[in-house]
Every structure is written in C-alpha cells, then in structure tokens.
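Chemist: Sharing run_16.csv (CSV, C-alpha atoms) below.
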chain,number,residue,atom,x,y,z
E,910,MET,CA,32.5,-44.1,2.7
E,911,ARG,CA,31.6,-41.8,-0.2
E,912,ALA,CA,31.1,-38.1,0.5
E,913,THR,CA,27.4,-38.1,-0.6
E,914,ALA,CA,24.8,-40.4,-2.1
E,915,ARG,CA,22.8,-39.0,-5.0
E,916,VAL,CA,19.0,-39.6,-5.0
E,917,LEU,CA,16.8,-38.6,-7.9
E,918,VAL,CA,13.3,-37.7,-6.8
E,919,TYR,CA,10.6,-37.6,-9.6
E,920,SER,CA,7.2,-36.1,-9.0
E,921,ASP,CA,5.2,-33.4,-10.7
E,922,ASP,CA,4.0,-32.4,-7.2
E,923,ALA,CA,6.5,-30.2,-5.2
E,924,GLY,CA,4.8,-31.2,-2.0
E,925,THR,CA,5.5,-34.9,-2.7
E,926,ARG,CA,9.2,-34.1,-3.4
E,927,GLU,CA,9.3,-32.2,-0.1
E,928,GLN,CA,7.8,-35.1,1.8
E,929,VAL,CA,10.6,-37.3,0.4
E,930,ARG,CA,13.3,-34.9,1.4
E,931,LEU,CA,11.9,-34.4,4.9
E,932,ALA,CA,11.4,-38.2,5.4
E,933,ALA,CA,15.0,-39.0,4.4
E,934,GLY,CA,16.6,-36.1,6.2
E,935,ARG,CA,20.2,-35.5,5.6
E,936,ARG,CA,21.0,-39.2,5.9
E,937,PRO,CA,18.5,-42.0,6.1
E,938,ALA,CA,20.7,-44.1,8.4
E,939,ALA,CA,23.8,-43.5,10.4
E,940,ASP,CA,26.0,-45.9,8.4
E,941,LEU,CA,25.3,-44.1,5.1
E,942,PRO,CA,26.7,-40.9,3.7
E,943,PRO,CA,24.6,-37.7,3.5
E,944,VAL,CA,22.1,-37.6,0.7
E,945,GLU,CA,22.1,-35.1,-2.1
E,946,PHE,CA,18.7,-34.8,-3.8
E,947,LEU,CA,18.1,-34.1,-7.5
E,948,GLU,CA,14.5,-33.1,-8.0
E,949,CYS,CA,12.8,-33.7,-11.3
E,950,ALA,CA,9.2,-32.7,-12.3
E,951,THR,CA,9.2,-34.1,-15.8
E,952,LEU,CA,10.2,-37.3,-17.6
E,953,PRO,CA,12.7,-35.6,-19.9
E,954,ALA,CA,14.5,-34.2,-16.8
E,955,VAL,CA,14.6,-37.7,-15.3
E,956,LEU,CA,16.1,-39.2,-18.4
E,957,SER,CA,18.6,-36.4,-18.7
E,958,GLU,CA,19.9,-36.9,-15.1
E,959,LEU,CA,20.1,-40.7,-15.6
E,960,ASP,CA,22.0,-40.3,-18.8
E,961,ALA,CA,24.5,-38.0,-17.0
E,962,GLY,CA,25.1,-40.8,-14.5
E,963,GLY,CA,26.0,-40.7,-10.8
E,964,ILE,CA,22.5,-41.5,-9.5
E,965,ASP,CA,22.5,-44.0,-6.6
E,966,VAL,CA,18.7,-44.4,-6.1
E,967,CYS,CA,15.6,-43.1,-7.9
E,968,VAL,CA,12.5,-42.3,-6.0
E,969,LEU,CA,9.5,-42.2,-8.4
E,970,ASP,CA,6.0,-41.0,-7.7
E,971,GLY,CA,3.5,-43.5,-9.1
E,972,GLU,CA,0.8,-40.8,-9.0
E,973,ALA,CA,2.8,-38.3,-11.1
E,974,VAL,CA,1.2,-36.9,-14.3
E,975,PRO,CA,1.4,-37.1,-17.2
E,976,ALA,CA,4.1,-39.8,-16.9
E,977,GLY,CA,3.4,-41.9,-13.8
E,978,GLY,CA,6.3,-43.3,-11.9
E,979,MET,CA,5.3,-46.9,-12.5
E,980,GLY,CA,5.6,-46.5,-16.3
E,981,VAL,CA,8.8,-44.4,-15.9
E,982,CYS,CA,10.3,-47.2,-13.7
E,983,ARG,CA,9.6,-49.8,-16.4
E,984,GLN,CA,11.0,-47.6,-19.1
E,985,ILE,CA,14.2,-46.8,-17.3
E,986,LYS,CA,14.7,-50.4,-16.3
E,987,ASP,CA,14.6,-51.3,-20.0
E,988,GLU,CA,16.6,-48.3,-21.3
E,989,ILE,CA,19.2,-47.3,-18.7
E,990,PHE,CA,22.3,-49.5,-18.6
E,991,ARG,CA,23.0,-50.4,-14.9
E,992,CYS,CA,19.8,-48.6,-13.9
E,993,PRO,CA,19.9,-47.5,-10.3
E,994,PRO,CA,17.5,-49.1,-7.8
E,995,VAL,CA,14.0,-47.6,-7.8
E,996,LEU,CA,11.9,-46.8,-4.8
E,997,LEU,CA,8.3,-46.4,-6.0
E,998,LEU,CA,5.7,-44.2,-4.2
E,999,MET,CA,2.3,-45.7,-4.5
E,1000,GLY,CA,-1.1,-44.2,-3.9
E,1001,ARG,CA,-2.6,-47.4,-2.4
E,1002,PRO,CA,-1.2,-50.6,-0.9
E,1003,GLN,CA,-3.4,-52.5,-3.4
E,1004,ASP,CA,-1.1,-51.2,-6.2
E,1005,ALA,CA,1.8,-53.4,-5.0
E,1006,TRP,CA,1.2,-55.7,-8.0
E,1007,LEU,CA,1.8,-52.7,-10.3
E,1008,ALA,CA,5.1,-52.0,-8.5
E,1009,THR,CA,6.1,-55.6,-9.3
E,1010,TRP,CA,5.1,-55.1,-13.0
E,1011,SER,CA,7.1,-51.9,-13.2
E,1012,ARG,CA,10.2,-53.8,-11.8
E,1013,ALA,CA,10.6,-51.4,-8.8
E,1014,ASP,CA,13.1,-52.6,-6.2
E,1015,ALA,CA,11.0,-51.3,-3.3
E,1016,ALA,CA,7.7,-49.5,-2.8
E,1017,VAL,CA,6.0,-47.5,-0.1
E,1018,THR,CA,2.6,-45.8,0.1
E,1019,LEU,CA,1.7,-42.1,0.0
E,1020,PRO,CA,1.6,-40.1,2.1
E,1021,VAL,CA,5.2,-40.8,2.9
E,1022,ASP,CA,5.7,-42.4,6.3
E,1023,PRO,CA,9.1,-41.2,7.5
E,1024,VAL,CA,10.3,-44.4,9.2
E,1025,GLU,CA,9.1,-46.7,6.4
E,1026,PHE,CA,10.5,-44.5,3.7
E,1027,ALA,CA,13.9,-44.0,5.4
E,1028,ASP,CA,14.3,-47.8,6.0
E,1029,ALA,CA,13.4,-48.6,2.4
E,1030,LEU,CA,15.8,-45.9,1.0
E,1031,ALA,CA,18.6,-46.9,3.3
E,1032,ALA,CA,18.3,-50.6,2.2
E,1033,LEU,CA,18.5,-49.6,-1.5
E,1034,LEU,CA,21.4,-47.2,-0.8
E,1035,ARG,CA,23.4,-49.9,1.1
E,1036,ALA,CA,23.0,-52.4,-1.7
E,1037,ARG,CA,23.9,-49.8,-4.4
E,1038,LEU,CA,26.9,-48.4,-2.6
E,1039,SER,CA,28.3,-51.8,-1.6
E,1040,SER,CA,28.0,-53.1,-5.2
E,1041,SER,CA,29.7,-50.0,-6.6
E,1042,ALA,CA,32.5,-50.2,-4.1
E,1043,ALA,CA,33.3,-53.8,-5.1
I need this file expressed as structure tokens, please.
Modeler:
Amino acid sequence: MRATARVLVYSDDAGTREQVRLAAGRRPAADLPPVEFLECATLPAVLSELDAGGIDVCVLDGEAVPAGGMGVCRQIKDEIFRCPPVLLLMGRPQDAWLATWSRADAAVTLPVDPVEFADALAALLRARLSSSAA
C-alpha cells in the first residue's frame, strides 16, 4: 500500500473545501492509505498541480466561480494525459446530466454528505491506485 493518496480539491469557497476534508477524514476507507489534500481556489492552481503530476483523484466544485467545476472537469479530461478520476460536487441532483456532459467519474450533491462522499471517493481511489499498481 502507498504511504498516501493525493486528492486535489478545487473550490473558490474555503467552507466547501473544509466540508470535503472533514467528510473524507484521514482515510475514506480502512483499505486505503491516508489522504493528503491539495487545495486549490483557482483554475490556474488546478492546472499547475495537475501538470506537476502525482494526483490520484480530483474533487471539483461545480458551483465554483468564475470557473465552475463542470467546465474544469471537461477541460482537464481533454487536456491532461492520463487525467485522474474526477468526483464532481453538484448543487442539485437534477444537474446529474451536466456531470455526465463534463465526463466526471462520479458526482455527489452539496452540501457534502459524509457517508456518500467517502464512499464515492473511496471507489475512485481504489480504481486509481489498483490501476497504477499494475
């Protein structure tokens, strides 16, 4: 097992970033390594971190401004080679079709439900870490 899993969290709202950290805890599931969070409040910071590499999962806030997480997701899926899986935070369940359009790997609604979020994050981390180990 790796020492840590790196999760990028993008939101212009510090409160939303905190909800994500608290919902995931130190590790979202017992079979996963502890999580190291990289917080980004701007699109240039997201792109810089992804270019540097080593990100296992991205959590993007669909309600972020001026660059919303859905558009950011679609952009990074087009531009980042071997883009990490994306967990999208949506404002409403009715926006699930937009999550599909953005090519997000999973989506949960805001405010963050700790159980739903941890389960979704754990599933993406398992898939990413098992594929990188192979």
Chemist: List as a count of residues only the protein and nucleic acid residues near Ala1005 in chain E, meaning an atom at most 12 Å away when only C-alpha atoms are counted, but skip any in the same chain fewer than 2 places from it.
Modeler: 21
Chemist: With 7 Å as the threshold, what does the neighbourhood of (16.1, -37.3, -10.8) contain in terms of residues, counting all atoms listed in the file? Coordinates are those of the file; answer as a PDB file with C-alpha atoms, in the coordinates of the input.
Modeler:
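Okay, this is what ended up in point.pdb:
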ATOM      1  CA  VAL E 916      19.000 -39.600  -5.000  1.00  0.00           C
ATOM      2  CA  LEU E 917      16.800 -38.600  -7.900  1.00  0.00           C
ATOM      3  CA  VAL E 918      13.300 -37.700  -6.800  1.00  0.00           C
ATOM      4  CA  TYR E 919      10.600 -37.600  -9.600  1.00  0.00           C
ATOM      5  CA  LEU E 947      18.100 -34.100  -7.500  1.00  0.00           C
ATOM      6  CA  GLU E 948      14.500 -33.100  -8.000  1.00  0.00           C
ATOM      7  CA  CYS E 949      12.800 -33.700 -11.300  1.00  0.00           C
ATOM      8  CA  ALA E 954      14.500 -34.200 -16.800  1.00  0.00           C
ATOM      9  CA  VAL E 955      14.600 -37.700 -15.300  1.00  0.00           C
ATOM     10  CA  GLU E 958      19.900 -36.900 -15.100  1.00  0.00           C
ATOM     11  CA  CYS E 967      15.600 -43.100  -7.900  1.00  0.00           C
TER      12      CYS E 967
END
Chemist: Hey, can you check how far CA of Ala1036 in chain E sits from CA of Pro942 in chain E?
Modeler: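 One can read the CA of Ala1036 in chain E to CA of Pro942 in chain E distance as 13.2 Å.
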Chemist: With only C-alpha atoms as the basis for distance, which of E:Ala939, E:Ile985, E:Thr925, E:Ala933 is at the shortest distance from Leu952 in chain E?
Modeler: E:Ile985
Chemist: E:Ile989, E:Leu1034, E:Ala932, E:Asp1022: which is nearest Arg911 in chain E, counting only C-alpha atoms?
Modeler: E:Leu1034
Chemist: CA of Pro943 in chain E and CA of Arg930 in chain E are how many Å apart?
Modeler: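 Calculated distance between CA of Pro943 in chain E and CA of Arg930 in chain E is 11.8 Å.
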Chemist: Go through E:Gly978, E:Gly924, E:Pro937, E:Gly963 and flag the residue nearest Ala1031 in chain E, using only C-alpha atoms for the distances.
Modeler: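 Under the stated criterion, the closest residue is E:Pro937.
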Chemist: Restore N, CA and C atoms in range 914-925 of chain E and list the result as an mmCIF file, in the coordinates of the input.
Modeler:
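Output below, filename out.cif:
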data_model
loop_
_atom_site.group_PDB
_atom_site.id
_atom_site.type_symbol
_atom_site.label_atom_id
_atom_site.label_comp_id
_atom_site.auth_asym_id
_atom_site.auth_seq_id
_atom_site.Cartn_x
_atom_site.Cartn_y
_atom_site.Cartn_z
ATOM 1 N N ALA E 914 25.548 -39.497 -1.236
ATOM 2 C CA ALA E 914 24.800 -40.400 -2.100
ATOM 3 C C ALA E 914 23.788 -39.544 -2.846
ATOM 4 N N ARG E 915 23.672 -39.790 -4.145
ATOM 5 C CA ARG E 915 22.800 -39.000 -5.000
ATOM 6 C C ARG E 915 21.473 -39.706 -5.215
ATOM 7 N N VAL E 916 20.375 -39.042 -4.834
ATOM 8 C CA VAL E 916 19.000 -39.600 -5.000
ATOM 9 C C VAL E 916 18.196 -38.726 -5.862
ATOM 10 N N LEU E 917 17.715 -39.297 -6.954
ATOM 11 C CA LEU E 917 16.800 -38.600 -7.900
ATOM 12 C C LEU E 917 15.402 -38.754 -7.381
ATOM 13 N N VAL E 918 14.671 -37.657 -7.273
ATOM 14 C CA VAL E 918 13.300 -37.700 -6.800
ATOM 15 C C VAL E 918 12.413 -37.128 -7.959
ATOM 16 N N TYR E 919 11.530 -37.981 -8.491
ATOM 17 C CA TYR E 919 10.600 -37.600 -9.600
ATOM 18 C C TYR E 919 9.203 -37.500 -9.088
ATOM 19 N N SER E 920 8.620 -36.307 -9.209
ATOM 20 C CA SER E 920 7.200 -36.100 -9.000
ATOM 21 C C SER E 920 6.832 -34.748 -9.587
ATOM 22 N N ASP E 921 5.640 -34.668 -10.160
ATOM 23 C CA ASP E 921 5.200 -33.400 -10.700
ATOM 24 C C ASP E 921 4.679 -32.494 -9.527
ATOM 25 N N ASP E 922 4.544 -33.060 -8.346
ATOM 26 C CA ASP E 922 4.000 -32.400 -7.200
ATOM 27 C C ASP E 922 5.188 -31.953 -6.244
ATOM 28 N N ALA E 923 5.398 -30.661 -6.094
ATOM 29 C CA ALA E 923 6.500 -30.200 -5.200
ATOM 30 C C ALA E 923 6.285 -30.620 -3.780
ATOM 31 N N GLY E 924 5.048 -30.761 -3.345
ATOM 32 C CA GLY E 924 4.800 -31.200 -2.000
ATOM 33 C C GLY E 924 5.231 -32.656 -1.761
ATOM 34 N N THR E 925 5.056 -33.504 -2.759
ATOM 35 C CA THR E 925 5.500 -34.900 -2.700
ATOM 36 C C THR E 925 7.044 -34.928 -2.609
#
